[in-house]
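Enquirer: File follows, upload.txt with compact mmCIF, C-alpha atoms:
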```txt
# COMPACT_ATOMS: atom_id res chain seq x y z
CA MET A 10 0.00 0.00 0.00
CA GLN A 11 2.99 2.32 0.52
CA ASN A 12 3.21 3.43 -3.14
CA LEU A 13 -0.53 3.67 -3.76
CA PRO A 14 -1.90 7.20 -3.52
CA THR A 15 -4.30 8.25 -0.83
CA PHE A 16 -7.44 10.00 -2.06
CA VAL A 17 -8.31 13.06 0.04
CA PHE A 18 -11.89 14.25 -0.53
CA VAL A 19 -13.22 17.79 -0.03
CA HIS A 20 -17.00 18.21 0.14
CA GLY A 21 -19.21 20.96 -1.20
CA ALA A 22 -21.51 23.52 0.40
CA PHE A 23 -23.75 22.39 3.28
CA ALA A 24 -22.23 18.91 2.96
CA ASN A 25 -19.69 16.95 5.01
CA SER A 26 -17.41 13.94 4.89
CA PHE A 27 -20.45 11.62 5.17
CA SER A 28 -21.25 12.43 1.52
CA PHE A 29 -18.32 10.32 0.37
CA ALA A 30 -19.03 7.15 2.38
CA PRO A 31 -20.48 5.10 -0.52
CA LEU A 32 -17.65 6.19 -2.84
CA GLN A 33 -15.03 5.37 -0.22
CA ALA A 34 -16.54 1.92 0.22
CA GLU A 35 -16.28 1.29 -3.53
CA LEU A 36 -12.68 2.49 -3.57
CA ALA A 37 -11.80 0.30 -0.59
CA LEU A 38 -13.19 -2.73 -2.39
CA LEU A 39 -10.93 -1.84 -5.31
CA GLY A 40 -7.96 -1.73 -2.94
CA HIS A 41 -7.60 2.02 -2.48
CA ARG A 42 -7.33 4.07 0.69
CA SER A 43 -9.02 7.40 1.14
CA ALA A 44 -9.83 10.09 3.68
CA ALA A 45 -12.75 12.50 3.56
CA VAL A 46 -12.17 15.83 5.30
CA ASP A 47 -14.78 17.77 7.26
CA LEU A 48 -14.13 21.45 6.68
CA PRO A 49 -14.38 23.65 9.81
CA GLY A 50 -17.97 23.91 11.04
CA HIS A 51 -19.00 20.77 9.16
CA GLY A 52 -19.66 17.17 10.15
CA PHE A 53 -19.71 16.76 13.91
CA GLU A 54 -18.58 20.40 14.25
CA ALA A 55 -21.83 21.59 12.68
CA THR A 56 -24.63 23.36 14.51
CA PHE A 57 -27.99 21.54 14.47
CA PRO A 58 -30.23 23.66 16.72
CA ALA A 59 -33.21 22.10 18.45
CA ALA A 60 -35.33 24.58 16.46
CA TYR A 61 -34.23 22.72 13.31
CA GLN A 62 -35.84 19.50 14.54
CA ALA A 63 -39.53 18.68 14.15
CA PRO A 64 -41.71 20.46 14.93
CA GLN A 65 -39.57 23.32 13.67
CA SER A 66 -39.47 26.85 15.01
CA LEU A 67 -38.23 28.95 12.13
CA GLU A 68 -38.38 32.10 14.24
CA ALA A 69 -36.01 30.60 16.81
CA LEU A 70 -33.84 29.06 14.08
CA ALA A 71 -33.41 32.48 12.46
CA ALA A 72 -31.72 33.80 15.60
CA GLU A 73 -29.71 30.74 16.70
CA PRO A 74 -25.90 31.23 16.57
CA GLY A 75 -23.92 28.85 14.37
CA SER A 76 -20.44 27.40 14.86
CA ILE A 77 -19.48 28.16 11.25
CA LYS A 78 -19.71 31.92 11.78
CA GLY A 79 -16.37 33.51 11.02
CA VAL A 80 -14.94 30.47 9.25
CA THR A 81 -12.87 31.62 6.27
CA LEU A 82 -11.53 30.06 3.11
CA ALA A 83 -8.09 30.19 4.76
CA ASP A 84 -9.46 28.08 7.63
CA ASN A 85 -10.79 25.55 5.13
CA ALA A 86 -7.44 25.41 3.35
CA THR A 87 -5.59 24.90 6.62
CA ARG A 88 -7.83 21.93 7.49
CA VAL A 89 -7.16 20.26 4.14
CA ILE A 90 -3.43 20.99 4.28
CA GLU A 91 -3.26 19.28 7.67
CA ALA A 92 -4.90 16.17 6.18
CA LEU A 93 -2.59 16.20 3.16
CA GLU A 94 0.49 16.53 5.34
CA ARG A 95 -0.51 13.40 7.23
CA ALA A 96 -1.51 11.48 4.11
CA LYS A 97 1.71 12.43 2.34
CA GLN A 98 3.69 10.47 4.94
CA ASN A 99 2.23 7.29 3.40
CA GLY A 100 2.95 8.09 -0.24
CA PRO A 101 1.37 10.11 -3.08
CA THR A 102 -1.89 12.00 -2.66
CA ILE A 103 -4.78 12.75 -4.98
CA LEU A 104 -6.92 15.68 -3.86
CA VAL A 105 -10.54 15.33 -5.03
CA ALA A 106 -13.00 18.23 -4.68
CA HIS A 107 -16.71 18.47 -5.40
CA SER A 108 -18.79 21.57 -6.03
CA ARG A 109 -17.86 24.43 -3.67
CA GLY A 110 -15.03 22.28 -2.37
CA GLY A 111 -13.14 23.23 -5.52
CA ILE A 112 -12.64 26.72 -4.11
CA THR A 113 -10.85 25.25 -1.10
CA ALA A 114 -8.88 22.78 -3.23
CA THR A 115 -7.66 25.62 -5.45
CA ALA A 116 -6.55 27.65 -2.43
CA VAL A 117 -4.71 24.61 -1.05
CA ALA A 118 -2.99 23.98 -4.38
CA ASN A 119 -1.95 27.64 -4.56
CA ALA A 120 -0.37 27.41 -1.11
CA ARG A 121 1.12 23.90 -0.93
CA PRO A 122 1.45 22.30 -4.37
CA GLU A 123 4.16 19.93 -3.14
CA LEU A 124 1.57 18.07 -1.07
CA ILE A 125 -0.57 17.11 -4.09
CA ASP A 126 0.37 14.60 -6.79
CA ARG A 127 -2.87 15.13 -8.72
CA ILE A 128 -5.87 17.38 -8.18
CA VAL A 129 -9.30 16.27 -9.36
CA TYR A 130 -12.31 18.57 -9.72
CA VAL A 131 -15.68 16.83 -9.95
CA SER A 132 -18.07 19.47 -11.26
CA ALA A 133 -16.22 21.71 -8.81
CA TRP A 134 -15.52 25.41 -8.85
CA CYS A 135 -12.10 26.16 -10.28
CA PRO A 136 -11.95 29.96 -10.42
CA VAL A 137 -9.41 31.22 -12.95
CA ASP A 138 -10.43 34.41 -14.76
CA LEU A 139 -13.21 35.45 -12.37
CA ASP A 140 -14.13 35.24 -8.70
CA VAL A 141 -16.68 32.49 -8.09
CA GLY A 142 -19.55 34.91 -7.49
CA ASP A 143 -18.91 36.63 -10.81
CA TYR A 144 -19.40 33.43 -12.80
CA TYR A 145 -23.07 33.56 -11.81
CA ALA A 146 -23.48 36.66 -13.99
CA GLN A 147 -22.05 34.92 -17.06
CA PRO A 148 -24.11 33.45 -19.93
CA GLU A 149 -23.07 29.90 -18.99
CA MET A 150 -25.07 30.23 -15.76
CA ALA A 151 -28.15 31.78 -17.38
CA ASP A 152 -30.32 28.73 -16.81
CA VAL A 153 -29.49 28.52 -13.08
CA ASP A 154 -32.14 30.18 -10.94
CA ALA A 155 -30.05 31.72 -8.17
CA GLY A 156 -33.22 32.68 -6.29
CA ALA A 157 -34.86 29.27 -6.45
CA PHE A 158 -34.02 28.48 -2.83
CA ALA A 159 -34.92 31.87 -1.39
CA ALA A 160 -37.98 30.43 0.34
CA THR A 161 -35.80 28.05 2.39
CA LEU A 162 -33.30 30.64 3.61
CA VAL A 163 -33.60 31.28 7.34
CA GLY A 164 -32.48 34.44 9.11
CA ASN A 165 -30.35 37.32 7.88
CA PRO A 166 -26.90 36.16 6.72
CA ALA A 167 -25.38 39.54 7.59
CA GLU A 168 -26.64 39.25 11.17
CA LEU A 169 -25.95 35.53 11.62
CA GLY A 170 -22.57 35.70 9.90
CA LEU A 171 -23.44 32.57 7.92
CA LEU A 172 -25.84 31.23 5.33
CA ARG A 173 -28.65 29.10 6.82
CA THR A 174 -30.98 26.91 4.76
CA ASN A 175 -33.91 24.83 5.92
CA PHE A 176 -33.24 21.50 4.18
CA ARG A 177 -35.87 19.88 6.41
CA THR A 178 -38.70 21.77 4.76
CA ALA A 179 -41.70 19.76 3.57
CA GLU A 180 -42.85 22.53 1.23
CA PRO A 181 -43.39 20.85 -2.18
CA THR A 182 -42.17 23.74 -4.32
CA ALA A 183 -38.92 24.05 -2.39
CA LEU A 184 -38.29 20.31 -2.48
CA ALA A 185 -38.92 20.27 -6.22
CA ALA A 186 -36.42 23.11 -6.69
CA PHE A 187 -33.78 21.24 -4.70
CA LYS A 188 -34.35 18.07 -6.70
CA ARG A 189 -34.16 19.85 -10.07
CA ALA A 190 -30.92 21.54 -9.09
CA PHE A 191 -29.07 18.63 -7.51
CA ALA A 192 -30.69 15.27 -8.16
CA ALA A 193 -33.21 15.17 -10.98
CA ASP A 194 -32.10 11.65 -11.92
CA LEU A 195 -32.41 10.16 -8.41
CA THR A 196 -35.52 8.57 -6.97
CA ASP A 197 -37.46 10.65 -4.47
CA ASP A 198 -36.24 8.43 -1.64
CA GLU A 199 -32.61 8.69 -2.75
CA PHE A 200 -32.98 12.44 -3.05
CA ARG A 201 -34.53 12.88 0.41
CA THR A 202 -31.96 10.56 1.97
CA PHE A 203 -29.13 12.70 0.61
CA LEU A 204 -30.94 15.90 1.58
CA ASN A 205 -31.00 14.66 5.17
CA THR A 206 -27.20 14.46 5.20
CA PHE A 207 -26.96 18.20 4.55
CA GLN A 208 -26.38 20.59 7.41
CA PRO A 209 -28.22 23.91 7.67
CA ASP A 210 -25.24 26.28 7.84
CA GLU A 211 -22.49 27.31 5.42
CA ASN A 212 -19.80 29.95 5.70
CA LEU A 213 -19.84 33.15 3.66
CA ASP A 214 -16.23 33.31 2.44
CA ALA A 215 -15.79 32.15 -1.16
CA GLY A 216 -12.43 33.86 -1.58
CA THR A 217 -11.17 36.77 -3.68
CA SER A 218 -9.14 37.23 -6.84
CA ALA A 219 -6.08 36.24 -4.78
CA ASP A 220 -7.61 32.75 -4.41
CA ARG A 221 -7.99 32.06 -8.11
CA ALA A 222 -5.79 29.40 -9.70
CA GLN A 223 -2.18 30.55 -9.83
CA ALA A 224 0.04 29.31 -12.63
CA MET A 225 3.28 29.10 -10.63
CA THR A 226 1.87 26.85 -7.90
CA TRP A 227 -1.54 25.35 -8.69
CA GLY A 228 -0.54 25.29 -12.35
CA ARG A 229 2.28 22.79 -11.94
CA ILE A 230 0.10 20.03 -10.42
CA PRO A 231 -1.26 17.33 -12.77
CA LYS A 232 -5.00 17.89 -12.89
CA THR A 233 -8.20 16.20 -13.96
CA TYR A 234 -11.64 17.70 -14.43
CA VAL A 235 -14.55 15.27 -14.18
CA ARG A 236 -17.54 16.77 -15.94
CA LEU A 237 -21.00 15.81 -14.67
CA ALA A 238 -23.02 15.76 -17.86
CA ALA A 239 -26.47 16.50 -16.40
CA ASP A 240 -25.49 18.88 -13.60
CA ALA A 241 -28.12 21.62 -13.27
CA SER A 242 -26.43 23.57 -10.46
CA VAL A 243 -22.96 23.81 -12.04
CA PRO A 244 -24.00 23.46 -15.69
CA LEU A 245 -21.80 21.75 -18.24
CA ALA A 246 -21.23 25.07 -20.00
CA VAL A 247 -19.61 26.64 -16.94
CA GLN A 248 -17.64 23.48 -16.21
CA ASP A 249 -16.26 23.68 -19.75
CA ARG A 250 -15.54 27.38 -19.39
CA MET A 251 -13.42 26.80 -16.29
CA ILE A 252 -11.56 24.01 -18.12
CA ARG A 253 -10.82 26.36 -21.04
CA GLU A 254 -9.64 29.13 -18.74
CA ALA A 255 -7.38 26.77 -16.80
CA ASP A 256 -5.89 25.34 -20.00
CA ALA A 257 -5.17 28.87 -21.23
CA LEU A 258 -3.47 29.68 -17.91
CA THR A 259 -1.21 26.61 -18.07
CA PRO A 260 -1.13 25.44 -21.71
CA ASP A 261 1.71 23.03 -20.95
CA ASN A 262 -0.31 21.40 -18.16
CA ARG A 263 -3.83 21.08 -19.42
CA PHE A 264 -6.75 19.38 -17.70
CA ASP A 265 -7.21 15.68 -18.30
CA VAL A 266 -10.96 15.81 -18.96
CA ARG A 267 -13.35 12.95 -18.13
CA THR A 268 -17.15 12.80 -18.13
CA ILE A 269 -19.62 10.95 -15.92
CA GLU A 270 -23.30 10.89 -16.79
CA GLY A 271 -25.68 12.25 -14.20
CA SER A 272 -26.65 15.08 -11.91
CA HIS A 273 -24.71 16.97 -9.26
CA LEU A 274 -25.27 14.23 -6.66
CA ARG A 275 -25.78 11.03 -8.63
CA TRP A 276 -22.07 10.11 -8.66
CA LEU A 277 -22.10 10.05 -4.85
CA VAL A 278 -25.27 7.96 -4.56
CA HIS A 279 -24.29 5.54 -7.34
CA PRO A 280 -20.50 5.72 -7.00
CA LYS A 281 -19.22 2.76 -9.02
CA PRO A 282 -18.40 4.73 -12.22
CA ALA A 283 -16.60 7.42 -10.23
CA ALA A 284 -14.68 4.85 -8.17
CA GLU A 285 -13.53 3.11 -11.33
CA LEU A 286 -12.49 6.43 -12.87
CA LEU A 287 -10.51 7.40 -9.78
CA ALA A 288 -8.91 3.98 -9.56
CA ASN A 289 -7.77 4.46 -13.15
CA LEU A 290 -6.19 7.79 -12.25
CA SER A 291 -4.46 6.13 -9.32
CA ALA A 292 -2.97 3.49 -11.62
CA ARG A 293 -1.52 6.24 -13.79
```
What does this structure look like when you write it as structure tokens?
Expert:
Amino acid sequence: MQNLPTFVFVHGAFANSFSFAPLQAELALLGHRSAAVDLPGHGFEATFPAAYQAPQSLEALAAEPGSIKGVTLADNATRVIEALERAKQNGPTILVAHSRGGITATAVANARPELIDRIVYVSAWCPVDLDVGDYYAQPEMADVDAGAFAATLVGNPAELGLLRTNFRTAEPTALAAFKRAFAADLTDDEFRTFLNTFQPDENLDAGTSADRAQAMTWGRIPKTYVRLAADASVPLAVQDRMIREADALTPDNRFDVRTIEGSHLRWLVHPKPAAELLANLSAR
């Protein structure tokens, strides 16, 4: 096992290390080791107020403090760097990021490229020419309804110092919006099961222009982009745009591009194709 790489997984917004359990099981059965990181304020560090339980008190939930308040992108990067430093003692590492986790992975690669033997983005944000927030104003994101989840937001983010979402809503319109965005190709039971792994709070720091991919550090790491062909929250057009921008930044170290069919979450619920893809990258 000494020369086999360790996969280090970084989750997306409102998620946690639990998201990767089925994928890690598949990888283990293929003979690969992995570690999924909980970013600060996630996993067992998350805040799940009693007001979030049933019956809910949305008024109380709107005022409840959250442990993720004040967590920064730098804090996220530090957490992942600590995991990579430990994993690196056992051999090569492959850093795999999903969705918003790509912002953290990019910051880590900018800071400590020597810790990463390959970086893999799975429909993950890889900001190159723009800050992440600015991509939402681009034509590639035109079909994404940024306000679709407004009805499930709880409290004032400026006052709470975090973004809070009521994933335990039973409101049909809100549930339908979540399913369209993340899991249109899952069954209703699969979708609700995954939704119940989400936590209500997320931090507000998505980085600045200083956290975009940097050619001298991030740009020297071998990299793979795994496109999710039916992703409605990070559409294929914006995935392809980030790939093009990255390839223009480091033309001598272009993305190795792969594609998996399915929505934003399907690869985590039905992980065999992704596990086989990652195992193939490990063999390389």
Enquirer: For the point (7.2, 7.1, 0.0) in the file's frame, write as a list of chain:residue names all residues with an atom no more than 12 Å away, counting all atoms listed in the file.
Expert: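 All residues meeting the 12 Å criterion around (7.2, 7.1, 0.0) are A:Met10, A:Gln11, A:Asn12, A:Leu13, A:Pro14, A:Thr15, A:Ala96, A:Lys97, A:Gln98, A:Asn99, A:Gly100, A:Pro101, A:Thr102.
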Enquirer: Report as a Markdown table the residues of region 113-175 of chain A within 12 Å of region 57-62 of chain A, each with its shortest atom pair and distance in Å (one decimal), using only C-alpha atoms, ordered by chain and increasing residue number.
Expert:
```
| residue | atom | partner | partner_atom | distance |
| --- | --- | --- | --- | --- |
| A:Val163 | CA | A:Tyr61 | CA | 10.5 |
| A:Arg173 | CA | A:Tyr61 | CA | 10.7 |
| A:Thr174 | CA | A:Tyr61 | CA | 10.1 |
| A:Asn175 | CA | A:Tyr61 | CA | 7.7 |
```
Enquirer: Restricting the output to C-alpha atoms, write the selected residues as a PDB file, in the frame of the given file.
Expert:
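The resulting part.pdb:
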```pdb
ATOM      1  CA  VAL A 163     -33.600  31.280   7.340  1.00  0.00           C
ATOM      2  CA  ARG A 173     -28.650  29.100   6.820  1.00  0.00           C
ATOM      3  CA  THR A 174     -30.980  26.910   4.760  1.00  0.00           C
ATOM      4  CA  ASN A 175     -33.910  24.830   5.920  1.00  0.00           C
TER       5      ASN A 175
END
```
Enquirer: Got a sec: who's within 6 Å of Ala45 (chain A), counting only C-alpha atoms, leaving out chain neighbours fewer than 6 positions off, as a PyMOL selection string?
Expert: chain A and resi 17-18+26
Enquirer: May I ask for the distance between CA of Phe53 (chain A) and CA of Ala92 (chain A), given in Å to one decimal place?
Expert: 16.7 Å
Enquirer: For region 84-87 of chain A, work out the shell of residues within 7 Å, counting all atoms listed in the file and skipping chain neighbours fewer than 6 positions away, then give it as number ranges by chain.
Expert: A: 48-49, 113, 116-117
Enquirer: Which residues are near Leu213 (chain A)? Cut-off 12 Å, all atoms listed in the file, ignore same chain within fewer than 6 positions. Put them as an MDAnalysis selection string.
Expert: chainID A and resid 22:23 50 77:82 85 109 142 166:173
